[in-house]
There are 2 protein chains.
Amino acid sequence: MLTRIDHIGIACHDLEKTVDFYTSTYGFEVFHTEVNEEQGVREAMLKINETSDGGASYLQLLEPIREDSTVAKWLAKNGEGVHHIAFGTADVDADAAAIKDKGVRVLYDEPRIGSMGSRITFLHPKDCHGVLTELVTSAAEPSADH
Amino acid sequence: MLTRIDHIGIACHDLEKTVDFYTSTYGFEVFHTEVNEEQGVREAMLKINETSDGGASYLQLLEPIREDSTVAKWLAKNGEGVHHIAFGTADVDADAAAIKDKGVRVLYDEPRIGSMGSRITFLHPKDCHGVLTELVTSAAEPSADH
């Protein structure tokens, strides 16, 4: 069951400049930074609010670290902007399986590691009215059984 | 002060089909529907979670009702997808003024009426790393002084 907007993923060319924009313009703070080699990105997570399911909603600022990463290809085509949205769930495996059964393409056979040790998968944007959609079970998910 | 992700605005060609996708695929429920003649859209708000500032986060599904609406033009150029993101604040006037002072273009001289009687304004996407960004003070904002 999807219980929150976990994050909005925003692709950018220069992570430091974009972090500076979000922190100086809005007063948001950087909660976490990391490099995800598998996804080919450097990222900063800005926590915006906590959510009624015990989690939180973030902005995820993403800069590609490789030209062949999906975010690099997306940026080359679209320019900077919203790359994906993510819903939080206590059980990404169960939700991905249920959604796949409804005919939506799930991009990974098994969830992979996302921000802050979360387990994530993606749904094909062409099956989601143009929106690249991520499902996330955070490492600290209150009721996660993984 | 921006205290929550208020909503993610998603542009679509057919509101009923898109609502059906989000409700049947994810189990989300329609919280509110309305027509905003000024913005030139029909919309459905799906509440995803409540937020730590006393508000909530929604998906806002938008279908244009006029060919000359900004959403219609955006759809013609981009196809279906994420059209804008919105941050909630108790005082959209004060935040818009402070952000304008930092050199970001604010699209309205005065906030206009958005979903569910909220007061809204938009920031120019070219000043926000490609992201059309809305500021929202909801009609029920707990600490709003408007």
# chains A, B, ... in the order shown; residues from 1 in each chain; ligands from 1
call {"tool": "interface_residues", "arguments": {"of": "chain B", "to": "chain A", "cutoff": "7 Å", "atoms": "only C-alpha atoms", "output": "compact mmCIF listing (two decimals) with all heavy atoms, in the first residue's frame"}}
result
# COMPACT_ATOMS: atom_id res chain seq x y z
N LEU B 2 8.13 27.75 3.57
CA LEU B 2 7.52 26.62 2.86
C LEU B 2 7.64 25.37 3.74
O LEU B 2 8.75 25.00 4.13
CB LEU B 2 8.21 26.41 1.52
CG LEU B 2 8.36 27.66 0.63
CD1 LEU B 2 8.96 27.28 -0.72
CD2 LEU B 2 7.03 28.38 0.46
N THR B 3 6.53 24.76 4.07
CA THR B 3 6.54 23.72 5.10
C THR B 3 6.10 22.34 4.63
O THR B 3 6.09 21.40 5.43
CB THR B 3 5.62 24.15 6.28
OG1 THR B 3 4.33 24.48 5.76
CG2 THR B 3 6.21 25.36 7.01
N ARG B 4 5.74 22.22 3.36
CA ARG B 4 5.34 20.89 2.87
C ARG B 4 5.39 20.84 1.34
O ARG B 4 5.31 21.89 0.68
CB ARG B 4 3.92 20.53 3.32
CG ARG B 4 2.83 21.33 2.64
CD ARG B 4 1.41 20.95 3.05
NE ARG B 4 0.45 21.87 2.46
CZ ARG B 4 0.14 23.08 2.94
NH1 ARG B 4 0.72 23.51 4.05
NH2 ARG B 4 -0.72 23.85 2.31
N ILE B 5 5.49 19.62 0.82
CA ILE B 5 5.12 19.38 -0.58
C ILE B 5 3.60 19.35 -0.59
O ILE B 5 2.99 18.43 -0.04
CB ILE B 5 5.73 18.07 -1.11
CG1 ILE B 5 7.27 18.18 -1.15
CG2 ILE B 5 5.15 17.74 -2.49
CD1 ILE B 5 7.97 16.90 -1.58
N THR B 25 -4.79 1.46 -10.02
CA THR B 25 -3.44 0.90 -9.94
C THR B 25 -2.88 1.00 -8.52
O THR B 25 -2.22 0.08 -8.04
CB THR B 25 -2.49 1.64 -10.90
OG1 THR B 25 -3.06 1.63 -12.20
CG2 THR B 25 -1.11 1.01 -10.92
N TYR B 26 -3.13 2.11 -7.86
CA TYR B 26 -2.47 2.38 -6.57
C TYR B 26 -3.44 2.35 -5.39
O TYR B 26 -2.99 2.37 -4.24
CB TYR B 26 -1.81 3.76 -6.61
CG TYR B 26 -0.79 3.94 -7.71
CD1 TYR B 26 -0.87 5.03 -8.59
CD2 TYR B 26 0.27 3.06 -7.87
CE1 TYR B 26 0.07 5.23 -9.59
CE2 TYR B 26 1.22 3.25 -8.88
CZ TYR B 26 1.11 4.34 -9.73
OH TYR B 26 2.04 4.53 -10.72
N ILE B 48 -2.71 11.97 -0.76
CA ILE B 48 -1.82 10.82 -0.57
C ILE B 48 -1.44 10.64 0.89
O ILE B 48 -1.37 9.51 1.39
CB ILE B 48 -0.55 10.97 -1.43
CG1 ILE B 48 -0.91 11.34 -2.88
CG2 ILE B 48 0.31 9.71 -1.39
CD1 ILE B 48 -1.82 10.35 -3.58
N ASN B 49 -1.17 11.73 1.59
CA ASN B 49 -0.80 11.64 3.01
C ASN B 49 -1.03 13.00 3.65
O ASN B 49 -1.15 14.02 2.98
CB ASN B 49 0.67 11.22 3.18
CG ASN B 49 1.65 12.13 2.46
OD1 ASN B 49 2.06 11.87 1.34
ND2 ASN B 49 2.00 13.24 3.10
N GLU B 50 -1.09 12.99 4.98
CA GLU B 50 -1.09 14.24 5.72
C GLU B 50 0.35 14.60 6.05
O GLU B 50 1.25 13.75 5.97
CB GLU B 50 -1.97 14.10 6.96
CG GLU B 50 -3.43 13.87 6.54
CD GLU B 50 -4.41 13.74 7.68
OE1 GLU B 50 -3.98 13.39 8.79
OE2 GLU B 50 -5.61 13.98 7.44
N THR B 51 0.56 15.87 6.38
CA THR B 51 1.92 16.37 6.55
C THR B 51 2.10 16.99 7.94
O THR B 51 1.12 17.37 8.60
CB THR B 51 2.24 17.43 5.48
OG1 THR B 51 1.23 18.45 5.51
CG2 THR B 51 2.26 16.81 4.09
N SER B 52 3.36 17.11 8.36
CA SER B 52 3.68 17.51 9.72
C SER B 52 3.34 18.96 10.01
O SER B 52 3.40 19.38 11.17
CB SER B 52 5.16 17.24 9.99
OG SER B 52 5.96 17.64 8.89
N GLU B 80 1.85 13.96 -21.90
CA GLU B 80 1.45 13.81 -20.51
C GLU B 80 2.66 13.68 -19.59
O GLU B 80 3.67 13.08 -19.96
CB GLU B 80 0.57 12.56 -20.36
CG GLU B 80 -0.78 12.69 -21.09
CD GLU B 80 -1.71 11.54 -20.80
OE1 GLU B 80 -1.22 10.39 -20.78
OE2 GLU B 80 -2.90 11.78 -20.61
N GLY B 81 2.54 14.21 -18.36
CA GLY B 81 3.62 14.08 -17.40
C GLY B 81 3.51 15.11 -16.30
O GLY B 81 2.48 15.79 -16.16
N VAL B 82 4.59 15.23 -15.51
CA VAL B 82 4.58 16.17 -14.39
C VAL B 82 4.70 17.60 -14.92
O VAL B 82 5.68 17.96 -15.57
CB VAL B 82 5.73 15.88 -13.40
CG1 VAL B 82 5.73 16.93 -12.29
CG2 VAL B 82 5.58 14.48 -12.80
N ILE B 99 10.84 35.64 -2.15
CA ILE B 99 11.49 34.92 -3.26
C ILE B 99 11.72 35.87 -4.44
O ILE B 99 12.76 35.82 -5.10
CB ILE B 99 10.63 33.69 -3.63
CG1 ILE B 99 10.74 32.64 -2.52
CG2 ILE B 99 11.05 33.12 -4.98
CD1 ILE B 99 9.72 31.51 -2.60
N LYS B 102 14.79 37.77 -4.13
CA LYS B 102 16.02 37.01 -4.43
C LYS B 102 16.26 36.89 -5.93
O LYS B 102 17.18 36.19 -6.35
CB LYS B 102 15.93 35.64 -3.77
CG LYS B 102 16.02 35.75 -2.24
CD LYS B 102 15.78 34.43 -1.55
CE LYS B 102 15.82 34.67 -0.03
NZ LYS B 102 15.39 33.49 0.74
N HIS B 129 15.66 26.14 -12.21
CA HIS B 129 16.30 24.94 -12.78
C HIS B 129 15.30 24.05 -13.51
O HIS B 129 15.31 22.83 -13.36
CB HIS B 129 17.06 24.16 -11.69
CG HIS B 129 18.29 24.86 -11.22
ND1 HIS B 129 19.53 24.66 -11.78
CD2 HIS B 129 18.47 25.81 -10.28
CE1 HIS B 129 20.43 25.42 -11.18
NE2 HIS B 129 19.81 26.14 -10.27
N GLY B 130 14.41 24.69 -14.27
CA GLY B 130 13.52 23.93 -15.16
C GLY B 130 12.23 23.45 -14.53
O GLY B 130 11.44 22.80 -15.22
N VAL B 131 12.00 23.78 -13.27
CA VAL B 131 10.83 23.26 -12.57
C VAL B 131 9.80 24.39 -12.39
O VAL B 131 10.05 25.35 -11.66
CB VAL B 131 11.21 22.68 -11.20
CG1 VAL B 131 9.96 22.19 -10.46
CG2 VAL B 131 12.22 21.55 -11.37
call {"tool": "atom_distance", "arguments": {"atom1": "atom CA of Leu15 of chain B", "atom2": "atom CA of Tyr108 of chain B"}}
result
26.4 Å
call {"tool": "select_by_dssp", "arguments": {"residues": "chain A", "states": "strand (DSSP E)", "output": "PyMOL selection string"}}
result
chain A and resi 2-11+30-36+41-50+56-64+81-89+112-113+119-123+133-137
call {"tool": "select_by_dssp", "arguments": {"residues": "chain A", "states": "helix (DSSP H, G or I)", "output": "number ranges by chain"}}
result
A: 15-26, 70-78, 92-101, 115-117, 125-127
call {"tool": "residues_around", "arguments": {"residues": "Glu38 of chain B", "least_positions_apart": "3", "cutoff": "12 Å", "atoms": "only C-alpha atoms", "output": "VMD selection string"}}
result
chain B and resid 34 to 35 41 to 42 64 to 66 68 to 71 112 to 115
call {"tool": "write_last_selection", "arguments": {"atoms": "C-alpha atoms", "output": "compact mmCIF listing (two decimals), in the first residue's frame"}}
result
# COMPACT_ATOMS: atom_id res chain seq x y z
CA GLU B 34 -13.35 21.12 -9.67
CA VAL B 35 -13.14 23.24 -12.78
CA VAL B 41 -8.43 23.19 -16.38
CA ARG B 42 -10.60 20.44 -14.94
CA PRO B 64 -7.17 21.45 -20.12
CA ILE B 65 -10.62 22.77 -21.00
CA ARG B 66 -9.35 25.33 -23.55
CA ASP B 68 -5.26 28.42 -25.14
CA SER B 69 -4.73 27.35 -21.52
CA THR B 70 -1.14 27.01 -20.35
CA VAL B 71 -1.70 23.33 -19.58
CA ARG B 112 -4.92 33.85 -7.55
CA ILE B 113 -7.44 31.20 -6.54
CA GLY B 114 -6.25 27.59 -6.84
CA SER B 115 -7.64 24.21 -5.83
call {"tool": "atom_distance", "arguments": {"atom1": "atom CA of Val92 of chain B", "atom2": "atom CA of Phe122 of chain B"}}
result
10.3 Å
call {"tool": "atom_distance", "arguments": {"atom1": "atom CA of Asp93 of chain B", "atom2": "atom CA of Glu110 of chain B"}}
result
7.7 Å
